[in-house]
Amino acid sequence: MASNQSPDGSGLVTGAVPQAPFEGKSALIFGGGRNIGRAIALEFARRGARVAVADIDVAGAEETAQMIVSAGGQATGLRCDVASDESVPQAAAAAEARFGDIDIVMNNAGVLHSGHPEDIPMEEWQRMFNINFMAIVRSSRYFIPKMIARGQGYIVNTASFAGLYPYAVNRIPYAASKAAIVSLSENFAIYLLPKGIRVSCLCPGPIMTTSIDGMKTFTADVVMRGPGKHLHVKSQADAARALADGMRDGRIIIPTHEEGLETVRELGTSIDGFIHRRIEEFASGDSGRPQFDRAVALRP
């Protein structure tokens, strides 16, 4: 995995200039109708961005937009099915029609399911990658040429701790799709940063959301595996602030829990050793479930 540290240890990619990327900017958030996407939309707006919120749940998108407008910001809600080759550019064009050139594109839409890999139908593997990964490809094919022509822009993708190190064995297709997003984002950064286009990848650790409520389960007795019992569940607002601060500071990989990067470094010292330790932990009954403090998980 590429580091997001510069040679001088400053935490910034060489050549990147930290700047406040929100004031007066236009942002489009795919998957902004609820949960982390909604929190991010509100945070971007609080920092001065005009926000187009796109979601397959158009009522949710419009509700997020109305929350921004009620707080004095500018926003619009749009319907978008990120699994559709036609819907993504249509939503993008609608956002441009409202706010002009889009400065920040946030690819946040995603789905989740659980089960042993042999129990998950082939169409679910395909659906997982179509929504989680290919949605970013659809969005990027639309916006990258425009951003290259302007010599500026910002692409932000949502991955997961599950894409940074292995633990999510009850949701392997999800973890694989998120690892693909991490790799895509890192390689986008190498390609696009020299062209004036910034790239970030949000990697949420344990965050209090309702995403698990709609999770399909294909194995009745499957055990939910977590990223580590040393981690604490954080709020959606915490995740949004971590992302916005990381974007401000010019970071590429942006975790919601900085301590998660220590686990990535542990993985890097010995991949085989890391995997065998996880097997031993699971066998001992340690599922890696994070700690939960309601006051922390729900704080604004």
# chains A, B, ... in the order shown; residues from 1 in each chain; ligands from 1
>>> closest_atom_pairs(of="stretch 205-271 of chain A", to="stretch 180-186 of chain A", cutoff="12 Å", atoms="only C-alpha atoms", output="JSON lines")
{"residue": "A:Arg251", "atom": "CA", "partner": "A:Glu186", "partner_atom": "CA", "distance": 11.1}
{"residue": "A:Ile252", "atom": "CA", "partner": "A:Glu186", "partner_atom": "CA", "distance": 7.5}
{"residue": "A:Ile253", "atom": "CA", "partner": "A:Glu186", "partner_atom": "CA", "distance": 8.0}
{"residue": "A:Ile254", "atom": "CA", "partner": "A:Val182", "partner_atom": "CA", "distance": 10.6}
{"residue": "A:Pro255", "atom": "CA", "partner": "A:Val182", "partner_atom": "CA", "distance": 11.5}
>>> write_last_selection(atoms="C-alpha atoms", output="compact mmCIF listing (two decimals), in the first residue's frame")
# COMPACT_ATOMS: atom_id res chain seq x y z
CA ARG A 251 -4.15 13.56 2.68
CA ILE A 252 -4.84 10.71 0.29
CA ILE A 253 -5.77 7.84 2.61
CA ILE A 254 -8.01 9.26 5.34
CA PRO A 255 -9.00 6.88 8.18
>>> residues_around(residues="A:Arg171", least_positions_apart="2", cutoff="12 Å", atoms="only C-alpha atoms", output="CSV table (one decimal) with C-alpha atoms, in the first residue's frame")
chain,number,residue,atom,x,y,z
A,111,VAL,CA,-24.1,-2.0,-0.2
A,112,LEU,CA,-23.2,-4.6,2.4
A,113,HIS,CA,-24.1,-8.3,2.9
A,114,SER,CA,-22.9,-11.1,5.1
A,115,GLY,CA,-22.3,-14.8,4.8
A,116,HIS,CA,-19.7,-17.5,4.0
A,117,PRO,CA,-18.3,-16.9,0.5
A,118,GLU,CA,-19.6,-20.3,-0.7
A,119,ASP,CA,-23.1,-19.4,0.3
A,120,ILE,CA,-23.2,-16.0,-1.5
A,124,GLU,CA,-24.6,-10.9,-5.3
A,125,TRP,CA,-20.8,-10.9,-5.9
A,128,MET,CA,-21.5,-5.8,-4.8
A,162,ALA,CA,-12.1,-3.8,5.5
A,163,GLY,CA,-10.1,-2.7,2.4
A,166,PRO,CA,-8.1,-8.5,6.4
A,167,TYR,CA,-10.7,-9.3,9.1
A,168,ALA,CA,-14.1,-9.2,7.4
A,169,VAL,CA,-14.4,-12.9,6.6
A,173,PRO,CA,-17.1,-9.7,-1.4
A,174,TYR,CA,-17.6,-6.3,0.4
A,175,ALA,CA,-14.0,-6.4,1.7
A,176,ALA,CA,-12.7,-7.2,-1.8
A,177,SER,CA,-14.6,-4.4,-3.3
A,178,LYS,CA,-13.3,-1.9,-0.7
A,212,ILE,CA,-26.3,-3.1,8.8
A,215,MET,CA,-27.8,-6.1,5.2
A,216,LYS,CA,-28.6,-9.4,3.4
A,217,THR,CA,-27.4,-12.5,5.3
A,218,PHE,CA,-26.8,-15.7,3.3
A,219,THR,CA,-25.4,-17.9,6.2
A,222,VAL,CA,-22.1,-16.6,10.4
A,223,VAL,CA,-20.2,-14.6,13.0
A,224,MET,CA,-19.8,-10.9,12.4
A,225,ARG,CA,-16.1,-10.1,12.4
A,226,GLY,CA,-14.8,-6.6,13.3
>>> residues_around(residues="A:Gly151", least_positions_apart="6", cutoff="7 Å", atoms="only C-alpha atoms", output="list in words")
Lys195, Gly196 and Ile197 of chain A
>>> write_last_selection(atoms="C-alpha atoms", output="short mmCIF file (atom, residue, chain, number, x, y, z; two decimals), in the first residue's frame")
data_model
loop_
_atom_site.label_atom_id
_atom_site.label_comp_id
_atom_site.auth_asym_id
_atom_site.auth_seq_id
_atom_site.Cartn_x
_atom_site.Cartn_y
_atom_site.Cartn_z
CA LYS A 195 -2.54 17.17 -13.44
CA GLY A 196 -3.81 19.38 -10.60
CA ILE A 197 -6.59 17.00 -9.50
#
>>> residues_around(residues="stretch 138-149 of chain A", least_positions_apart="2", cutoff="10 Å", atoms="only C-alpha atoms", output="PyMOL selection string")
chain A and resi 30+82-89+91-93+101-107+130+133-136+151-155+188+192+195-198
>>> closest_residue(among="A:Cys201, A:Ala159, A:Ile131, A:Val264", to="A:Gly228", atoms="only C-alpha atoms")
A:Val264
>>> closest_atom_pairs(of="stretch 137-214 of chain A", to="stretch 36-48 of chain A", cutoff="10 Å", atoms="only C-alpha atoms", output="CSV")
residue,atom,partner,partner_atom,distance
A:Thr158,CA,A:Gly37,CA,9.5
A:Pro204,CA,A:Ile36,CA,9.3
A:Ile207,CA,A:Ile36,CA,8.4
A:Met208,CA,A:Ile36,CA,8.9
A:Thr209,CA,A:Ile36,CA,7.3
A:Thr210,CA,A:Ile36,CA,9.7
A:Ser211,CA,A:Ile36,CA,9.6
>>> atom_distance(atom1="atom CA of A:Ala97", atom2="atom CA of A:Glu23")
19.5 Å
>>> select_by_dssp(residues="stretch 95-276 of chain A", states="alpha helix (DSSP H)", output="count of residues only")
83
>>> closest_residue(among="A:Val233, A:Leu261, A:Ala94, A:Met247", to="A:Thr76", atoms="only C-alpha atoms")
A:Ala94
>>> closest_residue(among="A:Gly31, A:Ile68, A:Asn170, A:Thr269", to="A:Asp221", atoms="only C-alpha atoms")
A:Asn170
>>> select_by_dssp(residues="stretch 103-258 of chain A", states="strand (DSSP E)", output="VMD selection string")
chain A and resid 104 to 107 113 to 114 153 to 158 197 to 203 216 to 217 253 to 255
>>> atom_distance(atom1="atom CA of A:Ser26", atom2="atom CA of A:Ala244")
14.3 Å
